[in-house]
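Structure file query05.cif (mmCIF, C-alpha atoms (C1' of nucleotides)) follows.
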data_structure
#
loop_
_atom_site.label_atom_id
_atom_site.label_comp_id
_atom_site.auth_asym_id
_atom_site.auth_seq_id
_atom_site.Cartn_x
_atom_site.Cartn_y
_atom_site.Cartn_z
CA MET A 1 4.40 -39.90 1.59
CA GLY A 2 5.36 -37.31 -0.95
CA ARG A 3 8.22 -34.90 -1.13
CA HIS A 4 9.40 -33.30 2.08
CA ARG A 5 9.00 -29.58 2.74
CA GLU A 6 12.40 -27.95 2.38
CA PHE A 7 11.83 -25.13 4.88
CA ASP A 8 10.75 -24.92 8.50
CA PRO A 9 7.28 -23.33 8.60
CA ASP A 10 7.84 -22.09 12.13
CA GLU A 11 11.08 -20.37 11.20
CA ALA A 12 9.44 -18.93 8.10
CA LEU A 13 6.63 -17.57 10.25
CA HIS A 14 9.13 -15.81 12.48
CA ILE A 15 10.65 -14.15 9.44
CA ALA A 16 7.21 -13.13 8.18
CA LEU A 17 6.57 -11.55 11.58
CA GLN A 18 9.70 -9.45 11.23
CA VAL A 19 8.74 -8.30 7.75
CA PHE A 20 5.14 -7.47 8.66
CA ARG A 21 6.33 -5.67 11.76
CA ARG A 22 8.60 -3.41 9.75
CA ARG A 23 6.29 -2.71 6.82
CA GLY A 24 2.77 -3.17 8.13
CA TYR A 25 0.16 -5.32 6.44
CA GLU A 26 -0.42 -3.37 3.26
CA GLY A 27 3.16 -2.18 3.04
CA THR A 28 4.34 -5.79 2.82
CA SER A 29 4.13 -7.55 -0.54
CA ILE A 30 4.17 -11.27 -1.14
CA SER A 31 7.49 -10.79 -2.87
CA ASP A 32 8.89 -9.09 0.24
CA LEU A 33 7.80 -12.13 2.22
CA THR A 34 9.03 -14.88 -0.10
CA GLU A 35 12.37 -13.14 -0.55
CA ALA A 36 12.91 -12.79 3.20
CA MET A 37 11.63 -16.29 3.94
CA GLY A 38 13.72 -17.82 1.17
CA ILE A 39 10.80 -19.71 -0.33
CA THR A 40 8.80 -19.44 -3.53
CA ARG A 41 5.28 -18.10 -3.88
CA PRO A 42 3.55 -21.45 -4.32
CA SER A 43 5.32 -22.74 -1.21
CA LEU A 44 4.07 -19.78 0.78
CA TYR A 45 0.50 -20.24 -0.39
CA ALA A 46 0.59 -23.99 0.17
CA ALA A 47 1.84 -23.57 3.73
CA PHE A 48 -0.07 -20.50 4.89
CA GLY A 49 -3.15 -20.08 2.68
CA ASN A 50 -2.99 -16.46 1.63
CA LYS A 51 -1.62 -13.12 2.78
CA GLU A 52 -4.42 -12.47 5.26
CA GLU A 53 -4.20 -15.92 6.86
CA LEU A 54 -0.44 -15.60 7.08
CA PHE A 55 -0.81 -12.25 8.80
CA ARG A 56 -3.25 -13.65 11.34
CA ARG A 57 -0.81 -16.42 12.12
CA THR A 58 1.98 -13.91 12.60
CA LEU A 59 -0.35 -12.01 14.94
CA ASP A 60 -0.87 -15.18 16.97
CA LEU A 61 2.85 -15.75 17.09
CA TYR A 62 3.48 -12.15 18.05
CA GLU A 63 1.08 -12.30 20.98
CA ARG A 64 2.43 -15.67 22.06
CA ARG A 65 6.07 -14.74 21.82
CA HIS A 66 6.35 -11.01 22.36
CA LEU A 67 3.24 -9.90 24.25
CA CYS A 68 3.20 -12.82 26.67
CA PHE A 69 4.73 -10.59 29.37
CA ALA A 70 1.37 -8.82 29.73
CA HIS A 71 -0.32 -11.77 31.37
CA GLU A 72 2.40 -12.04 34.01
CA ALA A 73 2.52 -8.28 34.52
CA LEU A 74 -1.15 -8.16 35.42
CA GLN A 75 -0.51 -10.67 38.20
CA ALA A 76 1.76 -8.30 40.10
CA PRO A 77 0.71 -7.84 43.76
CA THR A 78 -0.47 -4.25 43.37
CA ALA A 79 -2.34 -2.63 40.51
CA ARG A 80 0.23 0.11 40.31
CA GLU A 81 3.01 -2.38 39.89
CA ALA A 82 0.98 -4.32 37.35
CA VAL A 83 0.47 -1.21 35.23
CA GLU A 84 4.09 -0.16 35.45
CA ARG A 85 5.28 -3.63 34.48
CA LEU A 86 2.81 -3.57 31.61
CA LEU A 87 4.12 -0.29 30.24
CA ARG A 88 7.77 -1.10 30.81
CA GLY A 89 7.39 -4.54 29.28
CA TYR A 90 5.71 -3.01 26.27
CA VAL A 91 8.53 -0.47 25.86
CA ASP A 92 11.04 -3.30 25.81
CA VAL A 93 9.05 -5.10 23.11
CA LEU A 94 8.72 -1.92 21.05
CA THR A 95 12.46 -1.33 21.15
CA ASP A 96 13.66 -4.93 21.07
CA PRO A 97 16.98 -4.61 19.24
CA THR A 98 16.47 -7.95 17.49
CA SER A 99 13.21 -6.86 15.83
CA PRO A 100 12.09 -3.90 13.74
CA PRO A 101 10.96 -1.10 16.07
CA GLY A 102 7.32 -0.60 16.90
CA CYS A 103 4.31 -2.84 17.38
CA LEU A 104 2.98 -5.29 14.82
CA GLY A 105 -0.57 -4.52 15.91
CA VAL A 106 -0.17 -0.76 15.55
CA ASN A 107 2.03 -0.66 12.44
CA GLY A 108 -0.20 -3.20 10.74
CA ALA A 109 -3.49 -1.44 11.37
CA MET A 110 -2.79 2.09 10.22
CA ALA A 111 -3.19 3.19 6.64
CA CYS A 112 -5.33 0.31 5.47
CA SER A 113 -7.29 0.84 2.29
CA GLU A 114 -10.87 -0.33 2.38
CA ALA A 115 -9.92 -3.62 0.76
CA ASN A 116 -8.28 -4.61 4.05
CA GLU A 117 -10.89 -3.31 6.46
CA ALA A 118 -11.14 -6.80 7.95
CA ILE A 119 -7.53 -6.65 9.11
CA ARG A 120 -8.07 -3.32 10.78
CA GLU A 121 -11.11 -4.63 12.64
CA GLU A 122 -9.22 -7.72 13.72
CA LEU A 123 -6.44 -5.60 15.20
CA VAL A 124 -8.82 -3.23 16.98
CA ALA A 125 -10.59 -6.24 18.48
CA ARG A 126 -7.36 -7.80 19.72
CA ARG A 127 -6.34 -4.46 21.22
CA MET A 128 -9.66 -4.27 23.04
CA VAL A 129 -9.05 -7.67 24.61
CA ASN A 130 -5.89 -6.36 26.24
CA GLU A 131 -7.61 -3.21 27.42
CA ASN A 132 -10.41 -5.26 28.96
CA ASN A 133 -7.91 -7.47 30.77
CA LEU A 134 -6.36 -4.37 32.27
CA ARG A 135 -9.74 -2.96 33.24
CA GLU A 136 -10.64 -6.18 35.00
CA ARG A 137 -7.36 -6.08 36.89
CA LEU A 138 -8.16 -2.55 38.05
CA GLU A 139 -11.67 -3.59 39.08
CA LYS A 140 -10.18 -6.37 41.16
CA ALA A 141 -7.77 -3.87 42.67
CA ARG A 142 -10.67 -1.63 43.57
CA SER A 143 -12.46 -4.38 45.44
CA ASP A 144 -9.13 -5.21 47.12
CA GLY A 145 -8.83 -1.62 48.33
CA ASP A 146 -5.77 -1.28 46.12
CA PHE A 147 -7.38 1.31 43.85
CA PRO A 148 -9.67 4.23 44.83
CA GLY A 149 -13.38 3.45 44.72
CA ASP A 150 -14.19 6.73 43.06
CA GLU A 151 -11.86 6.11 40.13
CA ASP A 152 -13.18 4.51 36.95
CA PRO A 153 -11.18 1.42 35.87
CA THR A 154 -12.48 1.88 32.31
CA ASP A 155 -11.06 5.39 32.12
CA TRP A 156 -7.77 4.27 33.56
CA ALA A 157 -7.39 1.27 31.28
CA ARG A 158 -8.15 3.50 28.31
CA TYR A 159 -5.54 6.01 29.41
CA ILE A 160 -2.85 3.40 29.99
CA VAL A 161 -3.46 1.76 26.64
CA SER A 162 -3.41 5.16 24.95
CA VAL A 163 0.01 5.89 26.40
CA GLY A 164 1.13 2.50 25.08
CA LEU A 165 -0.20 3.24 21.60
CA GLY A 166 1.53 6.60 21.58
CA MET A 167 4.81 4.97 22.51
CA ALA A 168 4.28 2.42 19.74
CA VAL A 169 4.01 5.22 17.20
CA ARG A 170 7.13 6.86 18.57
CA ALA A 171 9.02 3.59 18.55
CA ALA A 172 8.16 3.06 14.89
CA SER A 173 9.61 6.50 14.26
CA GLY A 174 12.89 5.55 15.89
CA ALA A 175 12.47 6.51 19.55
CA SER A 176 15.04 4.97 21.90
CA ARG A 177 14.25 2.63 24.74
CA GLU A 178 15.44 5.24 27.26
CA GLU A 179 13.16 7.91 25.82
CA LEU A 180 10.14 5.66 26.12
CA HIS A 181 10.96 4.58 29.66
CA ARG A 182 10.98 8.28 30.53
CA VAL A 183 7.50 8.55 29.07
CA VAL A 184 6.45 5.75 31.40
CA VAL A 185 7.90 7.59 34.39
CA VAL A 186 5.84 10.67 33.67
CA ALA A 187 2.76 8.66 32.79
CA MET A 188 2.88 6.76 36.08
CA ARG A 189 2.69 10.01 38.02
CA THR A 190 -1.01 10.08 37.30
CA TRP A 191 -1.37 7.15 39.64
CA PRO A 192 -3.97 7.97 42.31
CA ILE A 193 -2.27 6.10 45.14
CA ARG A 194 1.26 6.95 46.25
CA THR A 195 3.66 4.11 46.87
CA SER A 196 4.12 4.35 50.60
CA MET B 1 -3.63 33.16 -22.21
CA GLY B 2 -4.60 29.59 -22.77
CA ARG B 3 -7.52 27.54 -21.60
CA HIS B 4 -8.86 28.15 -18.12
CA ARG B 5 -8.67 25.54 -15.39
CA GLU B 6 -12.12 24.10 -14.83
CA PHE B 7 -11.66 23.24 -11.15
CA ASP B 8 -10.65 25.18 -8.06
CA PRO B 9 -7.21 23.90 -6.97
CA ASP B 10 -7.86 24.98 -3.39
CA GLU B 11 -11.12 23.09 -3.21
CA ALA B 12 -9.48 20.07 -4.83
CA LEU B 13 -6.72 20.19 -2.22
CA HIS B 14 -9.28 20.12 0.56
CA ILE B 15 -10.81 17.00 -0.94
CA ALA B 16 -7.38 15.40 -1.28
CA LEU B 17 -6.81 16.14 2.40
CA GLN B 18 -9.96 14.23 3.30
CA VAL B 19 -8.98 11.25 1.18
CA PHE B 20 -5.40 11.09 2.47
CA ARG B 21 -6.64 11.47 6.00
CA ARG B 22 -8.92 8.48 5.69
CA ARG B 23 -6.60 6.16 3.76
CA GLY B 24 -3.10 7.30 4.63
CA TYR B 25 -0.44 8.03 2.04
CA GLU B 26 0.15 4.58 0.60
CA GLY B 27 -3.46 3.49 1.04
CA THR B 28 -4.57 6.28 -1.24
CA SER B 29 -4.28 5.74 -5.00
CA ILE B 30 -4.26 8.42 -7.67
CA SER B 31 -7.58 7.00 -8.87
CA ASP B 32 -9.04 7.49 -5.38
CA LEU B 33 -7.92 11.10 -5.54
CA THR B 34 -9.06 11.96 -9.05
CA GLU B 35 -12.42 10.34 -8.46
CA ALA B 36 -13.02 12.25 -5.23
CA MET B 37 -11.67 15.52 -6.64
CA GLY B 38 -13.69 15.15 -9.83
CA ILE B 39 -10.72 15.78 -12.10
CA THR B 40 -8.68 13.67 -14.50
CA ARG B 41 -5.20 12.32 -13.92
CA PRO B 42 -3.39 14.77 -16.22
CA SER B 43 -5.15 17.66 -14.49
CA LEU B 44 -3.99 16.41 -11.13
CA TYR B 45 -0.38 16.02 -12.26
CA ALA B 46 -0.40 19.39 -14.02
CA ALA B 47 -1.69 21.16 -10.93
CA PHE B 48 0.13 19.34 -8.15
CA GLY B 49 3.22 17.67 -9.64
CA ASN B 50 2.98 14.12 -8.35
CA LYS B 51 1.53 12.14 -5.49
CA GLU B 52 4.28 13.06 -3.04
CA GLU B 53 4.12 16.77 -3.80
CA LEU B 54 0.35 16.69 -3.50
CA PHE B 55 0.63 15.00 -0.13
CA ARG B 56 3.06 17.61 1.12
CA ARG B 57 0.66 20.33 0.07
CA THR B 58 -2.19 18.61 1.90
CA LEU B 59 0.10 18.44 4.95
CA ASP B 60 0.64 22.19 4.73
CA LEU B 61 -3.08 22.75 4.41
CA TYR B 62 -3.76 20.40 7.31
CA GLU B 63 -1.40 22.26 9.61
CA ARG B 64 -2.73 25.62 8.47
CA ARG B 65 -6.38 24.75 8.75
CA HIS B 66 -6.70 22.06 11.39
CA LEU B 67 -3.65 22.27 13.62
CA CYS B 68 -3.63 26.05 13.84
CA PHE B 69 -5.22 25.85 17.30
CA ALA B 70 -1.88 24.66 18.70
CA HIS B 71 -0.20 28.00 18.28
CA GLU B 72 -2.95 29.78 20.21
CA ALA B 73 -3.11 27.06 22.84
CA LEU B 74 0.56 27.54 23.68
CA GLN B 75 -0.11 31.19 24.42
CA ALA B 76 -2.42 30.41 27.33
CA PRO B 77 -1.44 32.22 30.56
CA THR B 78 -0.26 29.11 32.40
CA ALA B 79 1.65 26.12 31.09
CA ARG B 80 -0.94 23.77 32.50
CA GLU B 81 -3.71 25.51 30.65
CA ALA B 82 -1.63 25.57 27.48
CA VAL B 83 -1.10 21.81 27.63
CA GLU B 84 -4.72 21.07 28.40
CA ARG B 85 -5.89 23.29 25.53
CA LEU B 86 -3.37 21.55 23.30
CA LEU B 87 -4.68 18.09 24.13
CA ARG B 88 -8.34 19.05 24.03
CA GLY B 89 -7.93 20.93 20.79
CA TYR B 90 -6.21 17.91 19.29
CA VAL B 91 -9.03 15.62 20.43
CA ASP B 92 -11.52 17.86 18.67
CA VAL B 93 -9.49 17.73 15.46
CA LEU B 94 -9.15 13.94 15.70
CA THR B 95 -12.90 13.52 16.07
CA ASP B 96 -14.07 16.37 13.86
CA PRO B 97 -17.37 15.03 12.52
CA THR B 98 -16.81 16.69 9.14
CA SER B 99 -13.55 14.84 8.52
CA PRO B 100 -12.42 11.21 8.60
CA PRO B 101 -11.35 10.32 12.13
CA GLY B 102 -7.72 10.40 13.17
CA CYS B 103 -4.70 12.50 12.26
CA LEU B 104 -3.32 12.97 8.76
CA GLY B 105 0.19 12.99 10.15
CA VAL B 106 -0.22 9.74 12.09
CA ASN B 107 -2.38 7.81 9.62
CA GLY B 108 -0.11 8.84 6.79
CA ALA B 109 3.16 7.82 8.40
CA MET B 110 2.48 4.28 9.56
CA ALA B 111 2.87 1.26 7.35
CA CYS B 112 5.04 2.81 4.69
CA SER B 113 6.96 0.52 2.40
CA GLU B 114 10.56 1.52 1.85
CA ALA B 115 9.66 3.25 -1.39
CA ASN B 116 8.01 5.99 0.66
CA GLU B 117 10.58 6.36 3.40
CA ALA B 118 10.88 10.05 2.55
CA ILE B 119 7.25 10.63 3.52
CA ARG B 120 7.74 8.96 6.87
CA GLU B 121 10.78 11.11 7.61
CA GLU B 122 8.91 14.24 6.61
CA LEU B 123 6.10 13.43 9.03
CA VAL B 124 8.44 12.59 11.89
CA ALA B 125 10.23 15.90 11.33
CA ARG B 126 6.98 17.88 11.36
CA ARG B 127 5.92 16.12 14.56
CA MET B 128 9.23 17.06 16.16
CA VAL B 129 8.61 20.71 15.38
CA ASN B 130 5.42 20.63 17.43
CA GLU B 131 7.10 18.81 20.27
CA ASN B 132 9.89 21.38 20.33
CA ASN B 133 7.37 24.22 20.44
CA LEU B 134 5.78 22.63 23.47
CA ARG B 135 9.13 22.08 25.13
CA GLU B 136 10.04 25.73 24.63
CA ARG B 137 6.73 26.76 26.17
CA LEU B 138 7.50 24.63 29.22
CA GLU B 139 10.98 26.08 29.47
CA LYS B 140 9.49 29.54 29.46
CA ALA B 141 7.04 28.42 32.14
CA ARG B 142 9.89 27.17 34.22
CA SER B 143 11.67 30.51 34.14
CA ASP B 144 8.32 32.15 34.93
CA GLY B 145 8.00 29.98 38.05
CA ASP B 146 4.96 28.38 36.43
CA PHE B 147 6.60 24.97 36.16
CA PRO B 148 8.87 23.21 38.71
CA GLY B 149 12.56 23.78 38.20
CA ASP B 150 13.39 20.15 38.87
CA GLU B 151 11.11 18.89 36.10
CA ASP B 152 12.50 18.30 32.60
CA PRO B 153 10.53 20.13 29.88
CA THR B 154 11.86 17.66 27.31
CA ASP B 155 10.44 14.71 29.22
CA TRP B 156 7.12 16.44 29.65
CA ALA B 157 6.80 17.51 26.05
CA ARG B 158 7.59 13.96 25.00
CA TYR B 159 4.96 12.57 27.34
CA ILE B 160 2.26 15.00 26.22
CA VAL B 161 2.93 14.34 22.54
CA SER B 162 2.89 10.59 23.21
CA VAL B 163 -0.56 10.85 24.76
CA GLY B 164 -1.66 12.78 21.69
CA LEU B 165 -0.27 10.14 19.34
CA GLY B 166 -2.02 7.40 21.29
CA MET B 167 -5.30 9.25 21.02
CA ALA B 168 -4.72 9.68 17.29
CA VAL B 169 -4.43 5.91 16.91
CA ARG B 170 -7.59 5.39 18.94
CA ALA B 171 -9.47 8.01 16.95
CA ALA B 172 -8.56 6.27 13.70
CA SER B 173 -10.02 3.11 15.23
CA GLY B 174 -13.30 4.83 15.92
CA ALA B 175 -12.92 6.25 19.45
CA SER B 176 -15.52 8.86 20.38
CA ARG B 177 -14.74 12.45 21.29
CA GLU B 178 -15.99 11.83 24.86
CA GLU B 179 -13.70 8.83 25.31
CA LEU B 180 -10.68 10.84 24.26
CA HIS B 181 -11.54 13.79 26.46
CA ARG B 182 -11.59 11.34 29.35
CA VAL B 183 -8.09 10.27 28.38
CA VAL B 184 -7.06 13.91 28.61
CA VAL B 185 -8.56 14.21 32.08
CA VAL B 186 -6.51 11.28 33.36
CA ALA B 187 -3.40 12.40 31.49
CA MET B 188 -3.55 15.87 33.03
CA ARG B 189 -3.41 14.42 36.50
CA THR B 190 0.31 13.96 36.02
CA TRP B 191 0.63 17.71 36.19
CA PRO B 192 3.20 18.64 38.85
CA ILE B 193 1.46 21.82 40.00
CA ARG B 194 -2.08 21.77 41.35
CA THR B 195 -4.46 24.43 40.17
CA SER B 196 -5.02 26.38 43.37
"C1'" DT C 1 -10.56 35.89 -37.34
"C1'" DG C 2 -6.27 33.31 -36.75
"C1'" DT C 3 -2.63 31.91 -33.67
"C1'" DT C 4 -0.85 30.71 -29.43
"C1'" DT C 5 -1.15 28.49 -25.11
"C1'" DA C 6 -2.88 25.95 -21.27
"C1'" DT C 7 -6.16 22.50 -19.84
"C1'" DT C 8 -8.82 18.64 -20.93
"C1'" DG C 9 -10.16 13.52 -21.96
"C1'" DT C 10 -8.67 9.18 -23.78
"C1'" DA C 11 -5.61 5.85 -23.91
"C1'" DC C 12 -1.59 4.24 -22.90
"C1'" DT C 13 3.12 2.73 -20.46
"C1'" DA C 14 6.15 -0.39 -17.48
"C1'" DA C 15 5.99 -2.21 -13.00
"C1'" DT C 16 3.87 -4.37 -9.31
"C1'" DC C 17 -0.03 -6.30 -6.81
"C1'" DG C 18 -2.16 -10.95 -4.83
"C1'" DG C 19 -2.77 -15.35 -6.42
"C1'" DT C 20 -2.35 -19.69 -9.43
"C1'" DA C 21 -1.80 -23.31 -13.40
"C1'" DT C 22 1.41 -26.46 -14.73
"C1'" DA C 23 5.24 -29.12 -15.15
"C1'" DG C 24 9.24 -31.02 -12.83
"C1'" DT C 25 11.25 -33.22 -8.70
"C1'" DA C 26 11.89 -35.75 -4.62
"C1'" DT C 27 10.03 -38.80 -1.33
"C1'" DG C 28 7.36 -42.99 1.00
"C1'" DC C 29 4.98 -47.10 0.11
"C1'" DA C 30 4.00 -51.32 -2.32
"C1'" DT D 1 11.43 -51.09 -9.21
"C1'" DG D 2 7.15 -48.66 -10.20
"C1'" DC D 3 3.58 -45.63 -8.48
"C1'" DA D 4 1.26 -42.31 -5.86
"C1'" DT D 5 1.88 -38.11 -3.50
"C1'" DA D 6 3.44 -33.72 -1.84
"C1'" DC D 7 6.52 -30.06 -2.58
"C1'" DT D 8 9.23 -26.79 -5.75
"C1'" DA D 9 10.17 -23.76 -9.76
"C1'" DT D 10 8.81 -21.26 -13.70
"C1'" DA D 11 5.87 -18.69 -15.76
"C1'" DC D 12 1.85 -16.88 -15.92
"C1'" DC D 13 -3.11 -14.54 -14.68
"C1'" DG D 14 -6.10 -10.19 -14.48
"C1'" DA D 15 -6.16 -6.10 -11.78
"C1'" DT D 16 -4.06 -2.12 -10.13
"C1'" DT D 17 -0.11 0.94 -9.27
"C1'" DA D 18 2.09 5.79 -10.39
"C1'" DG D 19 2.83 8.42 -14.21
"C1'" DT D 20 2.46 10.17 -19.31
"C1'" DA D 21 1.90 10.85 -24.70
"C1'" DC D 22 -1.16 12.81 -27.58
"C1'" DA D 23 -4.85 14.87 -29.61
"C1'" DA D 24 -9.11 17.55 -28.88
"C1'" DT D 25 -10.76 21.83 -26.73
"C1'" DA D 26 -11.20 26.40 -25.02
"C1'" DA D 27 -9.60 30.81 -23.88
"C1'" DA D 28 -6.46 35.21 -24.54
"C1'" DC D 29 -4.07 38.04 -27.65
"C1'" DA D 30 -2.81 39.79 -32.20
#
Just give me the structure of the file as structure tokens.
Amino acid sequence: MGRHREFDPDEALHIALQVFRRRGYEGTSISDLTEAMGITRPSLYAAFGNKEELFRRTLDLYERRHLCFAHEALQAPTAREAVERLLRGYVDVLTDPTSPPGCLGVNGAMACSEANEAIREELVARRMVNENNLRERLEKARSDGDFPGDEDPTDWARYIVSVGLGMAVRAASGASREELHRVVVVAMRTWPIRTS
Amino acid sequence: MGRHREFDPDEALHIALQVFRRRGYEGTSISDLTEAMGITRPSLYAAFGNKEELFRRTLDLYERRHLCFAHEALQAPTAREAVERLLRGYVDVLTDPTSPPGCLGVNGAMACSEANEAIREELVARRMVNENNLRERLEKARSDGDFPGDEDPTDWARYIVSVGLGMAVRAASGASREELHRVVVVAMRTWPIRTS
DNA sequence: TGTTTATTGTACTAATCGGTATAGTATGCA
DNA sequence: TGCATACTATACCGATTAGTACAATAAACA
């Protein structure tokens, strides 16, 4: 009963994701959002709560729709391949021509005033989940004999994620997909086991 | 003639640098600045023009006072040593215990609304200057026989800077100096020439 | 000592921020 | 055909944004 909603919340969420991805959390105003989504302020608040809740839902959508490659990448037969797929998949997300360049998680976290400290912590926590997944994959590889026993999976996961973060910053500054794939090539030369 | 200024502009600029470094450009308000600097708004505008001009002057100060190590690092005898000094010096700046963690150039550039596009471009341009300096150092190394002739200095400079940017993001999220030095250790293993 | 000049503090501007009260409108159910 | 209900539109809230007008103040020069 009652009047029907005149917009598709899922479609609106996709638009919000695009806006947040381009402008970051603080850089995006409610007016930016409502204008892009084609809805009014009360509609936005009725459907999504408030700005912070909306951002968390865009984060969920982002991970589900754009970062989903990571889970598959980690299942590659060798650790080396898993890491390379991870980095190359990330590059493709960062430079997806249908979305603003860069990473929602990185663009959103930087330059937060203290009023939005909670957002920053949320993003750091989500980032850490990914890094831990990678570390666990490397630990498995080590017990499989696929990764040297005297190498530290924690150090390696931290390094790989750092390269990814650096590429995210570059992407936001307009780096091309080719440029970033070249970064991956150089980065992968650290790998302690040669592909035979 | 006229009344004397009651604050030291140079000291005030150092404080502004600290505030901008912690909050980024957009995340910092004039009130944040005047409060930290201990001066009033008209004094700030009289001495520094406006927010954007003040930020540019803090950028100059930052490069002069905190990034000055880069110039010396590039003069190391070997290219490998130059790059390692560059990365390690940057880690120490990022985690300087007397300053907010992270890099003014990175924290300031992310999450800019379109009103401050000029700031973003300025920071990207300054970053490119550093990357070009590194590339030129690698080109010199190549003609010195200190760097393989079949390696591309542009690719390497881009990779090294990317690692630095990634560490800057991590530092802003609270990474420790030790953590980041470990990233450098792994990153340096890409190096195409072994230290004999 | 009086005048000029630059800095100071107070108080303000228009615009924008995130968020909402309220009234109007469209729908499903009885 | 009412009536209850959920959404929409307008217009607003107090707080904060970057930036400034203006008058009081303090120093240098005549």
Point to revise | 9 Å contacts from chain D to chain A using only C-alpha atoms (C1' of nucleotides), as a count of residues only | key: 6
Exercise for review: I would like the residues chosen by the PyMOL selection byres ((chain A) within 10 of (chain B)) on the shown file; could you give them as a ChimeraX atom specification?
Suggested key: /A:20-29,104,106-116,120-121,123-125,154-170,172-174,179-180,182-192
Practice item. Translate the PyMOL selection byres ((chain C) within 7 of (chain B)), as applied to the file shown, into an explicit residue set as a list in words. Key: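 Here the PyMOL selection byres ((chain C) within 7 of (chain B)) matches DT5, DA6 and DT7 of chain C.
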Practice item. Would you work out the distance separating CA of Pro153 (chain B) from CA of Val91 (chain B), expressed in Å to one decimal? Key: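 Taking CA of Pro153 (chain B) and CA of Val91 (chain B), their separation equals 22.2 Å.
Here CA of Ala36 (chain B) and CA of Phe7 (chain B) stand 12.6 Å from one another.
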Review point. If you measure from CA of Gly38 (chain A) to C1' of DA23 (chain C), what distance in Å do you get, rounded to one decimal?
Key: 21.6 Å
Practice item. Please return, as a VMD selection string, all polymer residues that have at least one atom within 12 Å of the point (0.8, -25.9, -17.4); use only C-alpha atoms (C1' of nucleotides) and the file's own coordinate frame. Key: (chain C and resid 20 to 24) or (chain D and resid 10 to 12)
Practice item. Please write the residues picked by the PyMOL selection byres ((chain D and resi 17) around 7) on this file as number ranges by chain. Key: C: 16; D: 16, 18
Could you model N, CA and C atoms for region 110-123 of chain B and present them as a PDB file, in the coordinates of the input?
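This went into selection.pdb:
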ATOM      1  N   MET B 110       2.328   5.689   9.215  1.00  0.00           N
ATOM      2  CA  MET B 110       2.480   4.280   9.560  1.00  0.00           C
ATOM      3  C   MET B 110       2.411   3.436   8.303  1.00  0.00           C
ATOM      4  N   ALA B 111       3.008   2.260   8.405  1.00  0.00           N
ATOM      5  CA  ALA B 111       2.870   1.260   7.350  1.00  0.00           C
ATOM      6  C   ALA B 111       3.312   1.774   5.990  1.00  0.00           C
ATOM      7  N   CYS B 112       4.483   2.389   5.963  1.00  0.00           N
ATOM      8  CA  CYS B 112       5.040   2.810   4.690  1.00  0.00           C
ATOM      9  C   CYS B 112       6.039   1.769   4.215  1.00  0.00           C
ATOM     10  N   SER B 113       5.922   1.370   2.962  1.00  0.00           N
ATOM     11  CA  SER B 113       6.960   0.520   2.400  1.00  0.00           C
ATOM     12  C   SER B 113       8.195   1.393   2.159  1.00  0.00           C
ATOM     13  N   GLU B 114       9.320   0.763   1.913  1.00  0.00           N
ATOM     14  CA  GLU B 114      10.560   1.520   1.850  1.00  0.00           C
ATOM     15  C   GLU B 114      10.578   2.528   0.706  1.00  0.00           C
ATOM     16  N   ALA B 115       9.710   2.311  -0.283  1.00  0.00           N
ATOM     17  CA  ALA B 115       9.660   3.250  -1.390  1.00  0.00           C
ATOM     18  C   ALA B 115       9.239   4.641  -0.928  1.00  0.00           C
ATOM     19  N   ASN B 116       8.522   4.701   0.190  1.00  0.00           N
ATOM     20  CA  ASN B 116       8.010   5.990   0.660  1.00  0.00           C
ATOM     21  C   ASN B 116       8.636   6.406   1.980  1.00  0.00           C
ATOM     22  N   GLU B 117       9.867   6.012   2.169  1.00  0.00           N
ATOM     23  CA  GLU B 117      10.580   6.360   3.400  1.00  0.00           C
ATOM     24  C   GLU B 117      10.652   7.875   3.583  1.00  0.00           C
ATOM     25  N   ALA B 118      10.760   8.591   2.479  1.00  0.00           N
ATOM     26  CA  ALA B 118      10.880  10.050   2.550  1.00  0.00           C
ATOM     27  C   ALA B 118       9.655  10.656   3.224  1.00  0.00           C
ATOM     28  N   ILE B 119       8.495  10.115   2.932  1.00  0.00           N
ATOM     29  CA  ILE B 119       7.250  10.630   3.520  1.00  0.00           C
ATOM     30  C   ILE B 119       7.273  10.427   5.025  1.00  0.00           C
ATOM     31  N   ARG B 120       7.689   9.256   5.441  1.00  0.00           N
ATOM     32  CA  ARG B 120       7.740   8.960   6.870  1.00  0.00           C
ATOM     33  C   ARG B 120       8.661   9.964   7.582  1.00  0.00           C
ATOM     34  N   GLU B 121       9.829  10.175   6.984  1.00  0.00           N
ATOM     35  CA  GLU B 121      10.780  11.110   7.610  1.00  0.00           C
ATOM     36  C   GLU B 121      10.203  12.516   7.688  1.00  0.00           C
ATOM     37  N   GLU B 122       9.543  12.913   6.635  1.00  0.00           N
ATOM     38  CA  GLU B 122       8.910  14.240   6.610  1.00  0.00           C
ATOM     39  C   GLU B 122       7.933  14.380   7.773  1.00  0.00           C
ATOM     40  N   LEU B 123       7.124  13.353   7.991  1.00  0.00           N
ATOM     41  CA  LEU B 123       6.100  13.430   9.030  1.00  0.00           C
ATOM     42  C   LEU B 123       6.729  13.419  10.422  1.00  0.00           C
TER      43      LEU B 123
END
